[in-house]
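Working notes, structure below.
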Amino acid sequence: MTTTRTQVAIVGAGPAGLLLSHLLHRSGIDSVVLDIRSRHEIATTIRAGILEAGSVRTLVDTGVSDRVITDGDRHDGVVFRFGGENHRIDFQELVGESVWLYPQNDVFVDLAARRETDGGDVRYGVSDTAVDTSGARPVVSFTDSDGRPGRIEAELVVGSDGSRSICRKAFPAGTRGEWFREYPFAWFGFLAEAPPSHPELIYAQSEHGFALVSQRTPTMQRMYFQCSPGERPEDWDDDRIWAEMRRRVNGNGFEIQEGPISAKMVLPFRSFVTAPMRYGRLLLAGDAAHTVPPTGAKGLNLALADVRVLHEAITDFLAGAGDEALERYTDRALDRVWKAQHFSYWMTTMLHSVEGASPFDIARQRGELALVTGSRHGAAYLAEAYTGWQQAA
(Lines give C-alpha, C1' and ligand atoms only; values in the text may rest on other atoms or scores of the structure.)
Protein backbone atom coordinates (compact mmCIF):
# COMPACT_ATOMS: atom_id res chain seq x y z
CA MET A 1 0.00 0.00 0.00
CA THR A 2 1.29 3.43 -0.97
CA THR A 3 1.01 6.18 1.67
CA THR A 4 0.87 9.85 0.68
CA ARG A 5 1.24 12.63 3.24
CA THR A 6 -0.34 15.99 2.54
CA GLN A 7 -1.83 18.92 4.42
CA VAL A 8 -5.41 18.59 3.13
CA ALA A 9 -7.12 15.52 1.64
CA ILE A 10 -10.20 16.42 -0.41
CA VAL A 11 -12.77 13.73 -1.19
CA GLY A 12 -14.72 14.82 -4.27
CA ALA A 13 -13.29 16.39 -7.43
CA GLY A 14 -16.32 18.34 -8.54
CA PRO A 15 -16.24 22.15 -8.71
CA ALA A 16 -16.18 22.55 -4.90
CA GLY A 17 -13.29 20.16 -4.32
CA LEU A 18 -11.21 21.46 -7.21
CA LEU A 19 -11.81 25.11 -6.31
CA LEU A 20 -10.70 24.44 -2.75
CA SER A 21 -7.57 22.67 -4.00
CA HIS A 22 -6.87 25.62 -6.31
CA LEU A 23 -7.30 28.24 -3.57
CA LEU A 24 -5.14 26.22 -1.17
CA HIS A 25 -2.43 25.96 -3.83
CA ARG A 26 -2.46 29.74 -4.20
CA SER A 27 -1.93 29.96 -0.43
CA GLY A 28 1.02 27.54 -0.53
CA ILE A 29 -0.95 24.63 0.98
CA ASP A 30 -0.64 21.11 -0.43
CA SER A 31 -3.69 18.96 -1.15
CA VAL A 32 -4.65 15.66 -2.74
CA VAL A 33 -8.08 15.30 -4.38
CA LEU A 34 -9.89 11.98 -4.94
CA ASP A 35 -13.05 11.12 -6.87
CA ILE A 36 -14.77 7.85 -7.72
CA ARG A 37 -15.74 9.24 -11.14
CA SER A 38 -13.43 9.54 -14.14
CA ARG A 39 -12.47 12.99 -15.35
CA HIS A 40 -14.36 12.32 -18.58
CA GLU A 41 -17.51 11.31 -16.70
CA ILE A 42 -17.58 14.51 -14.65
CA ALA A 43 -16.82 16.68 -17.67
CA THR A 44 -19.59 15.15 -19.76
CA THR A 45 -22.34 15.01 -17.14
CA ILE A 46 -24.60 17.78 -18.41
CA ARG A 47 -25.87 20.02 -15.63
CA ALA A 48 -27.34 23.48 -15.77
CA GLY A 49 -25.57 26.38 -14.18
CA ILE A 50 -26.47 29.92 -13.21
CA LEU A 51 -23.47 31.55 -11.54
CA GLU A 52 -23.91 34.42 -9.11
CA ALA A 53 -21.75 37.49 -9.54
CA GLY A 54 -19.56 36.42 -6.58
CA SER A 55 -18.98 32.98 -8.07
CA VAL A 56 -17.88 34.53 -11.36
CA ARG A 57 -15.51 36.91 -9.58
CA THR A 58 -13.98 33.99 -7.68
CA LEU A 59 -13.28 32.02 -10.86
CA VAL A 60 -11.87 34.98 -12.77
CA ASP A 61 -10.00 36.84 -10.02
CA THR A 62 -8.21 33.74 -8.68
CA GLY A 63 -6.95 32.82 -12.13
CA VAL A 64 -9.06 29.72 -12.79
CA SER A 65 -10.25 30.97 -16.18
CA ASP A 66 -12.03 33.89 -17.80
CA ARG A 67 -14.00 31.53 -20.04
CA VAL A 68 -17.12 32.19 -18.00
CA ILE A 69 -16.90 35.79 -19.28
CA THR A 70 -15.91 35.02 -22.87
CA ASP A 71 -18.10 31.92 -23.40
CA GLY A 72 -20.80 32.33 -20.75
CA ASP A 73 -24.05 34.20 -21.27
CA ARG A 74 -24.49 37.24 -19.02
CA HIS A 75 -28.04 37.82 -17.84
CA ASP A 76 -28.98 41.20 -16.41
CA GLY A 77 -32.44 40.07 -15.41
CA VAL A 78 -34.98 37.26 -15.33
CA VAL A 79 -38.58 36.95 -16.51
CA PHE A 80 -41.56 35.73 -14.50
CA ARG A 81 -44.43 34.72 -16.73
CA PHE A 82 -47.94 34.38 -15.30
CA GLY A 83 -51.40 35.24 -16.51
CA GLY A 84 -50.02 34.91 -20.03
CA GLU A 85 -47.74 37.94 -19.62
CA ASN A 86 -43.99 38.43 -19.08
CA HIS A 87 -42.79 40.43 -16.07
CA ARG A 88 -39.05 41.21 -16.06
CA ILE A 89 -36.90 41.67 -12.95
CA ASP A 90 -34.00 43.99 -13.89
CA PHE A 91 -31.02 42.93 -11.76
CA GLN A 92 -28.73 45.71 -12.96
CA GLU A 93 -31.23 48.46 -12.32
CA LEU A 94 -32.24 47.09 -8.90
CA VAL A 95 -28.95 45.88 -7.37
CA GLY A 96 -26.24 46.57 -9.96
CA GLU A 97 -25.33 42.90 -10.45
CA SER A 98 -25.79 40.17 -13.05
CA VAL A 99 -25.67 36.39 -13.25
CA TRP A 100 -24.01 34.21 -15.88
CA LEU A 101 -25.45 31.18 -17.60
CA TYR A 102 -22.49 28.80 -17.58
CA PRO A 103 -22.97 25.03 -17.20
CA GLN A 104 -21.57 23.34 -14.10
CA ASN A 105 -19.59 20.85 -16.15
CA ASP A 106 -17.81 23.78 -17.85
CA VAL A 107 -16.87 25.11 -14.40
CA PHE A 108 -15.37 21.68 -13.74
CA VAL A 109 -13.49 21.67 -17.06
CA ASP A 110 -11.91 25.04 -16.23
CA LEU A 111 -10.92 24.00 -12.71
CA ALA A 112 -9.56 20.61 -13.81
CA ALA A 113 -7.42 22.27 -16.47
CA ARG A 114 -6.11 24.82 -13.96
CA ARG A 115 -5.17 22.12 -11.44
CA GLU A 116 -3.45 20.11 -14.15
CA THR A 117 -1.49 23.18 -15.32
CA ASP A 118 -0.45 23.88 -11.72
CA GLY A 119 0.65 20.28 -11.12
CA GLY A 120 -2.19 19.48 -8.75
CA ASP A 121 -2.55 15.94 -7.38
CA VAL A 122 -6.07 14.93 -8.51
CA ARG A 123 -6.86 11.22 -8.68
CA TYR A 124 -9.94 10.22 -10.64
CA GLY A 125 -11.59 6.81 -10.85
CA VAL A 126 -10.76 5.63 -7.33
CA SER A 127 -12.93 3.17 -5.38
CA ASP A 128 -13.41 1.76 -1.88
CA THR A 129 -12.89 5.22 -0.37
CA ALA A 130 -13.08 5.36 3.43
CA VAL A 131 -12.32 8.04 6.03
CA ASP A 132 -10.85 7.27 9.47
CA THR A 133 -10.86 10.07 12.04
CA SER A 134 -9.93 7.97 15.08
CA GLY A 135 -6.23 8.84 15.10
CA ALA A 136 -4.32 12.06 15.68
CA ARG A 137 -4.30 12.66 11.93
CA PRO A 138 -7.25 11.71 9.73
CA VAL A 139 -6.65 9.06 7.09
CA VAL A 140 -8.34 8.43 3.75
CA SER A 141 -7.94 4.96 2.26
CA PHE A 142 -8.87 4.03 -1.30
CA THR A 143 -8.12 1.85 -4.31
CA ASP A 144 -6.73 3.73 -7.28
CA SER A 145 -7.88 3.43 -10.89
CA ASP A 146 -5.26 0.71 -11.50
CA GLY A 147 -6.53 -1.41 -8.61
CA ARG A 148 -3.71 -0.56 -6.19
CA PRO A 149 -4.55 0.26 -2.54
CA GLY A 150 -3.58 3.71 -1.30
CA ARG A 151 -3.64 5.73 1.86
CA ILE A 152 -3.51 9.48 2.46
CA GLU A 153 -2.50 10.96 5.80
CA ALA A 154 -3.48 14.61 6.20
CA GLU A 155 -3.82 17.41 8.70
CA LEU A 156 -7.42 17.89 7.53
CA VAL A 157 -9.95 16.01 5.40
CA VAL A 158 -12.65 17.83 3.44
CA GLY A 159 -15.73 16.03 2.13
CA SER A 160 -17.00 17.69 -1.04
CA ASP A 161 -18.35 14.38 -2.28
CA GLY A 162 -21.97 15.21 -3.00
CA SER A 163 -25.32 14.37 -1.49
CA ARG A 164 -24.41 10.71 -0.90
CA SER A 165 -21.27 11.78 0.94
CA ILE A 166 -19.19 9.07 2.60
CA CYS A 167 -17.49 11.84 4.59
CA ARG A 168 -20.79 12.91 6.11
CA LYS A 169 -21.46 9.30 7.06
CA ALA A 170 -18.05 9.18 8.76
CA PHE A 171 -19.28 11.56 11.48
CA PRO A 172 -19.85 9.49 14.66
CA ALA A 173 -23.47 8.90 15.61
CA GLY A 174 -25.02 11.77 17.54
CA THR A 175 -22.47 14.41 16.47
CA ARG A 176 -24.62 16.19 13.90
CA GLY A 177 -28.24 17.09 13.26
CA GLU A 178 -30.27 16.92 10.06
CA TRP A 179 -33.02 19.14 8.64
CA PHE A 180 -34.93 17.74 5.67
CA ARG A 181 -37.92 18.48 3.45
CA GLU A 182 -39.14 16.48 0.47
CA TYR A 183 -41.46 18.03 -2.11
CA PRO A 184 -44.45 16.39 -3.83
CA PHE A 185 -43.17 17.25 -7.31
CA ALA A 186 -40.09 17.07 -9.51
CA TRP A 187 -38.74 18.63 -12.68
CA PHE A 188 -38.82 16.92 -16.05
CA GLY A 189 -35.69 18.24 -17.76
CA PHE A 190 -34.66 17.90 -21.37
CA LEU A 191 -32.32 19.30 -24.02
CA ALA A 192 -33.82 20.62 -27.23
CA GLU A 193 -32.06 21.35 -30.51
CA ALA A 194 -33.56 24.80 -31.07
CA PRO A 195 -32.65 28.49 -30.98
CA PRO A 196 -33.27 30.43 -27.75
CA SER A 197 -36.89 31.27 -27.00
CA HIS A 198 -35.91 34.39 -25.06
CA PRO A 199 -32.61 36.14 -24.20
CA GLU A 200 -33.13 35.50 -20.45
CA LEU A 201 -34.60 32.72 -18.32
CA ILE A 202 -38.39 32.50 -18.09
CA TYR A 203 -40.00 31.17 -14.92
CA ALA A 204 -43.56 30.36 -16.01
CA GLN A 205 -46.41 29.75 -13.57
CA SER A 206 -49.72 28.52 -14.93
CA GLU A 207 -52.81 26.54 -13.96
CA HIS A 208 -51.17 23.56 -15.66
CA GLY A 209 -48.00 23.73 -13.54
CA PHE A 210 -44.58 25.36 -13.58
CA ALA A 211 -42.15 25.48 -16.51
CA LEU A 212 -38.65 26.92 -16.91
CA VAL A 213 -37.37 28.11 -20.27
CA SER A 214 -33.58 28.27 -20.14
CA GLN A 215 -30.72 28.39 -22.65
CA ARG A 216 -27.52 26.46 -23.20
CA THR A 217 -25.97 27.39 -26.55
CA PRO A 218 -27.20 29.28 -29.63
CA THR A 219 -28.50 25.95 -30.99
CA MET A 220 -29.22 23.84 -27.88
CA GLN A 221 -31.67 24.78 -25.12
CA ARG A 222 -32.38 23.43 -21.64
CA MET A 223 -35.99 23.32 -20.46
CA TYR A 224 -37.95 21.94 -17.53
CA PHE A 225 -41.53 21.45 -16.46
CA GLN A 226 -43.07 20.39 -13.18
CA CYS A 227 -44.04 16.73 -12.99
CA SER A 228 -44.72 13.92 -10.55
CA PRO A 229 -41.58 12.40 -8.96
CA GLY A 230 -42.72 9.04 -10.32
CA GLU A 231 -42.68 10.07 -13.99
CA ARG A 232 -40.53 7.96 -16.31
CA PRO A 233 -38.67 9.88 -19.06
CA GLU A 234 -39.14 7.02 -21.51
CA ASP A 235 -42.91 7.51 -21.34
CA TRP A 236 -42.62 10.99 -22.89
CA ASP A 237 -42.07 11.39 -26.62
CA ASP A 238 -41.25 14.72 -28.28
CA ASP A 239 -44.84 15.53 -29.20
CA ARG A 240 -46.10 14.99 -25.67
CA ILE A 241 -43.28 17.06 -24.15
CA TRP A 242 -43.82 20.02 -26.47
CA ALA A 243 -47.59 19.91 -25.96
CA GLU A 244 -47.01 20.15 -22.20
CA MET A 245 -44.58 23.04 -22.58
CA ARG A 246 -46.87 24.93 -24.97
CA ARG A 247 -49.87 24.85 -22.63
CA ARG A 248 -47.74 26.11 -19.73
CA VAL A 249 -45.79 28.82 -21.55
CA ASN A 250 -47.32 29.91 -24.88
CA GLY A 251 -49.91 32.64 -25.23
CA ASN A 252 -50.55 36.29 -26.07
CA GLY A 253 -48.14 36.19 -28.98
CA PHE A 254 -45.32 34.35 -27.21
CA GLU A 255 -44.23 30.90 -28.42
CA ILE A 256 -41.32 28.75 -27.32
CA GLN A 257 -38.89 27.56 -29.98
CA GLU A 258 -39.11 23.81 -30.56
CA GLY A 259 -36.84 21.12 -31.97
CA PRO A 260 -35.62 17.53 -31.54
CA ILE A 261 -35.32 16.49 -27.88
CA SER A 262 -32.56 14.54 -26.13
CA ALA A 263 -31.19 13.83 -22.63
CA LYS A 264 -34.51 13.52 -20.81
CA MET A 265 -34.45 13.16 -17.01
CA VAL A 266 -36.57 13.58 -13.89
CA LEU A 267 -35.07 15.63 -11.03
CA PRO A 268 -36.64 15.07 -7.58
CA PHE A 269 -36.84 18.04 -5.19
CA ARG A 270 -35.47 18.07 -1.67
CA SER A 271 -34.10 20.47 0.91
CA PHE A 272 -31.44 19.18 3.31
CA VAL A 273 -29.02 20.66 5.83
CA THR A 274 -26.68 18.93 8.27
CA ALA A 275 -24.83 20.72 11.06
CA PRO A 276 -22.24 21.09 12.30
CA MET A 277 -20.27 20.93 9.08
CA ARG A 278 -17.19 19.89 11.03
CA TYR A 279 -16.20 16.99 13.26
CA GLY A 280 -12.66 17.37 14.55
CA ARG A 281 -10.45 17.60 11.49
CA LEU A 282 -13.12 16.42 9.06
CA LEU A 283 -15.11 19.17 7.31
CA LEU A 284 -17.94 19.18 4.77
CA ALA A 285 -18.65 21.49 1.85
CA GLY A 286 -21.33 21.78 -0.81
CA ASP A 287 -23.91 19.05 -1.36
CA ALA A 288 -22.22 16.88 1.25
CA ALA A 289 -23.65 19.30 3.83
CA HIS A 290 -26.75 20.75 2.17
CA THR A 291 -28.97 20.56 -0.90
CA VAL A 292 -31.64 22.94 -2.20
CA PRO A 293 -34.37 22.72 -4.84
CA PRO A 294 -33.06 23.97 -8.20
CA THR A 295 -35.67 26.74 -8.48
CA GLY A 296 -33.44 29.45 -7.01
CA ALA A 297 -30.23 28.36 -8.82
CA LYS A 298 -28.35 28.14 -5.52
CA GLY A 299 -26.79 24.66 -5.40
CA LEU A 300 -23.46 25.25 -7.15
CA ASN A 301 -23.18 28.79 -5.82
CA LEU A 302 -23.60 27.59 -2.22
CA ALA A 303 -20.84 25.04 -2.76
CA LEU A 304 -18.45 27.69 -4.08
CA ALA A 305 -19.39 30.04 -1.21
CA ASP A 306 -18.64 27.24 1.29
CA VAL A 307 -15.22 26.82 -0.29
CA ARG A 308 -14.36 30.51 0.01
CA VAL A 309 -15.10 30.42 3.74
CA LEU A 310 -13.44 27.04 4.24
CA HIS A 311 -10.28 28.18 2.47
CA GLU A 312 -9.94 31.03 4.97
CA ALA A 313 -10.56 28.69 7.92
CA ILE A 314 -8.01 26.13 6.74
CA THR A 315 -5.41 28.78 5.98
CA ASP A 316 -5.81 30.27 9.47
CA PHE A 317 -5.73 26.84 11.12
CA LEU A 318 -2.55 25.74 9.38
CA ALA A 319 -0.97 29.12 10.19
CA GLY A 320 -1.40 28.35 13.89
CA ALA A 321 -4.79 29.85 14.77
CA GLY A 322 -5.92 26.54 16.31
CA ASP A 323 -9.26 24.77 16.32
CA GLU A 324 -11.14 28.03 16.78
CA ALA A 325 -10.47 28.83 13.11
CA LEU A 326 -12.23 25.62 12.09
CA GLU A 327 -15.01 26.07 14.62
CA ARG A 328 -16.12 29.33 13.00
CA TYR A 329 -16.60 27.64 9.63
CA THR A 330 -20.02 26.11 10.30
CA ASP A 331 -21.66 29.31 11.53
CA ARG A 332 -20.23 31.41 8.70
CA ALA A 333 -21.24 28.91 6.03
CA LEU A 334 -24.71 28.28 7.47
CA ASP A 335 -25.51 31.99 7.53
CA ARG A 336 -25.66 31.84 3.74
CA VAL A 337 -27.00 28.30 3.54
CA TRP A 338 -30.18 29.11 5.48
CA LYS A 339 -30.75 32.28 3.46
CA ALA A 340 -30.50 30.14 0.33
CA GLN A 341 -32.77 27.49 1.80
CA HIS A 342 -35.41 30.13 2.46
CA PHE A 343 -35.04 31.71 -0.98
CA SER A 344 -35.17 28.35 -2.77
CA TYR A 345 -38.21 27.24 -0.75
CA TRP A 346 -39.94 30.58 -1.36
CA MET A 347 -39.31 30.48 -5.11
CA THR A 348 -40.46 26.87 -5.26
CA THR A 349 -43.73 27.41 -3.39
CA MET A 350 -44.48 30.65 -5.24
CA LEU A 351 -44.14 29.07 -8.68
CA HIS A 352 -45.23 25.43 -8.45
CA SER A 353 -48.71 23.97 -8.39
CA VAL A 354 -49.70 21.70 -5.51
CA GLU A 355 -52.26 18.94 -6.01
CA GLY A 356 -55.46 19.72 -4.15
CA ALA A 357 -54.76 23.45 -3.83
CA SER A 358 -57.89 25.43 -3.02
CA PRO A 359 -59.11 28.39 -5.11
CA PHE A 360 -57.85 30.61 -2.29
CA ASP A 361 -54.37 29.06 -2.46
CA ILE A 362 -54.20 29.56 -6.23
CA ALA A 363 -55.35 33.19 -6.05
CA ARG A 364 -52.98 33.93 -3.16
CA GLN A 365 -50.07 32.49 -5.16
CA ARG A 366 -50.95 34.72 -8.12
CA GLY A 367 -51.16 37.70 -5.76
CA GLU A 368 -47.68 36.94 -4.45
CA LEU A 369 -46.24 36.93 -7.97
CA ALA A 370 -47.99 40.23 -8.70
CA LEU A 371 -46.59 41.71 -5.49
CA VAL A 372 -43.02 40.65 -6.26
CA THR A 373 -43.04 41.80 -9.87
CA GLY A 374 -45.09 44.95 -9.23
CA SER A 375 -43.15 46.32 -6.27
CA ARG A 376 -39.65 47.75 -6.53
CA HIS A 377 -38.88 46.53 -3.01
CA GLY A 378 -40.22 43.04 -3.72
CA ALA A 379 -38.32 42.84 -6.99
CA ALA A 380 -35.13 44.11 -5.30
CA TYR A 381 -35.30 41.33 -2.69
CA LEU A 382 -35.53 38.76 -5.45
CA ALA A 383 -32.74 40.42 -7.46
CA GLU A 384 -30.39 40.57 -4.46
CA ALA A 385 -31.01 36.93 -3.54
CA TYR A 386 -30.78 35.65 -7.10
CA THR A 387 -27.50 37.44 -7.89
CA GLY A 388 -26.01 36.53 -4.49
CA TRP A 389 -25.56 37.98 -1.03
CA GLN A 390 -22.35 39.35 0.40
CA GLN A 391 -20.46 36.74 2.46
CA ALA A 392 -20.88 37.11 6.23
CA ALA A 393 -17.70 38.14 8.06
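By order of appearance in the C-alpha coordinates: chains A, B, ..., then residues from 1 within every chain, and ligands from 1 in the order shown.
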*asked:* I'd like the neighbourhood of segment 85-95 of chain A as a PyMOL selection string, where a residue qualifies if any of its atoms comes within 12 Å (using only C-alpha atoms), though same-chain residues fewer than 2 positions away should be ignored.
replied: chain A and resi 52-53+74-83+97-100+198-206+248-255+369-389
Near Trp346 of chain A, counting only C-alpha atoms, which residues have an atom at most 10 Å away, once you skip same-chain residues fewer than 6 positions from it, shown as a JSON list (two decimals) with N, CA and C atoms, in the first residue's frame?
```json
[["chain", "number", "residue", "atom", "x", "y", "z"],
["A", 295, "THR", "N", -34.91, 25.57, -8.03],
["A", 295, "THR", "CA", -35.67, 26.74, -8.48],
["A", 295, "THR", "C", -34.90, 28.04, -8.33],
["A", 296, "GLY", "N", -34.15, 28.20, -7.25],
["A", 296, "GLY", "CA", -33.44, 29.45, -7.01],
["A", 296, "GLY", "C", -32.03, 29.49, -7.54],
["A", 340, "ALA", "N", -30.24, 30.80, 1.61],
["A", 340, "ALA", "CA", -30.50, 30.14, 0.33],
["A", 340, "ALA", "C", -31.61, 29.11, 0.45]]
```
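Counting only C-alpha atoms and comparing A:Arg148, A:Arg137, A:Arg37, A:Arg181, the residue that lies closest to Tyr345 of chain A is A:Arg181.
Distance check against Ser197 of chain A using only C-alpha atoms: of A:Val158, A:Ala363, A:Ile256, A:Ala170, the minimum falls on A:Ile256.
Closest approach to Thr133 of chain A among A:Thr62, A:Glu153, A:Glu178, A:Val68 is made by A:Glu153 (distances from only C-alpha atoms).
Residues of segment 276-347 of chain A that DSSP, applied to the backbone, places in strand (DSSP E or B): Arg278, Tyr279, Leu282, Leu283, Leu284, His290 and Thr291 of chain A.
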Taking N, CA, C and O atoms for each residue, export the selection above as a PDB file, in the first residue's frame.
```
ATOM      1  N   ARG A 278     -18.540  20.279  10.632  1.00  0.00           N
ATOM      2  CA  ARG A 278     -17.192  19.888  11.026  1.00  0.00           C
ATOM      3  C   ARG A 278     -17.254  18.907  12.188  1.00  0.00           C
ATOM      4  O   ARG A 278     -18.045  19.080  13.113  1.00  0.00           O
ATOM      5  N   TYR A 279     -16.450  17.864  12.116  1.00  0.00           N
ATOM      6  CA  TYR A 279     -16.197  16.987  13.256  1.00  0.00           C
ATOM      7  C   TYR A 279     -14.685  16.833  13.371  1.00  0.00           C
ATOM      8  O   TYR A 279     -14.048  16.216  12.508  1.00  0.00           O
ATOM      9  N   LEU A 282     -12.343  16.777  10.241  1.00  0.00           N
ATOM     10  CA  LEU A 282     -13.122  16.420   9.061  1.00  0.00           C
ATOM     11  C   LEU A 282     -14.173  17.501   8.835  1.00  0.00           C
ATOM     12  O   LEU A 282     -14.951  17.824   9.734  1.00  0.00           O
ATOM     13  N   LEU A 283     -14.189  18.080   7.631  1.00  0.00           N
ATOM     14  CA  LEU A 283     -15.105  19.171   7.312  1.00  0.00           C
ATOM     15  C   LEU A 283     -15.877  18.856   6.031  1.00  0.00           C
ATOM     16  O   LEU A 283     -15.387  18.137   5.162  1.00  0.00           O
ATOM     17  N   LEU A 284     -17.082  19.410   5.935  1.00  0.00           N
ATOM     18  CA  LEU A 284     -17.938  19.181   4.774  1.00  0.00           C
ATOM     19  C   LEU A 284     -18.141  20.472   3.999  1.00  0.00           C
ATOM     20  O   LEU A 284     -18.138  21.562   4.583  1.00  0.00           O
ATOM     21  N   HIS A 290     -25.448  20.140   2.401  1.00  0.00           N
ATOM     22  CA  HIS A 290     -26.755  20.754   2.175  1.00  0.00           C
ATOM     23  C   HIS A 290     -27.146  20.648   0.703  1.00  0.00           C
ATOM     24  O   HIS A 290     -26.299  20.681  -0.190  1.00  0.00           O
ATOM     25  N   THR A 291     -28.442  20.506   0.452  1.00  0.00           N
ATOM     26  CA  THR A 291     -28.973  20.559  -0.902  1.00  0.00           C
ATOM     27  C   THR A 291     -30.201  21.459  -0.902  1.00  0.00           C
ATOM     28  O   THR A 291     -30.873  21.612   0.117  1.00  0.00           O
TER      29      THR A 291
END
```
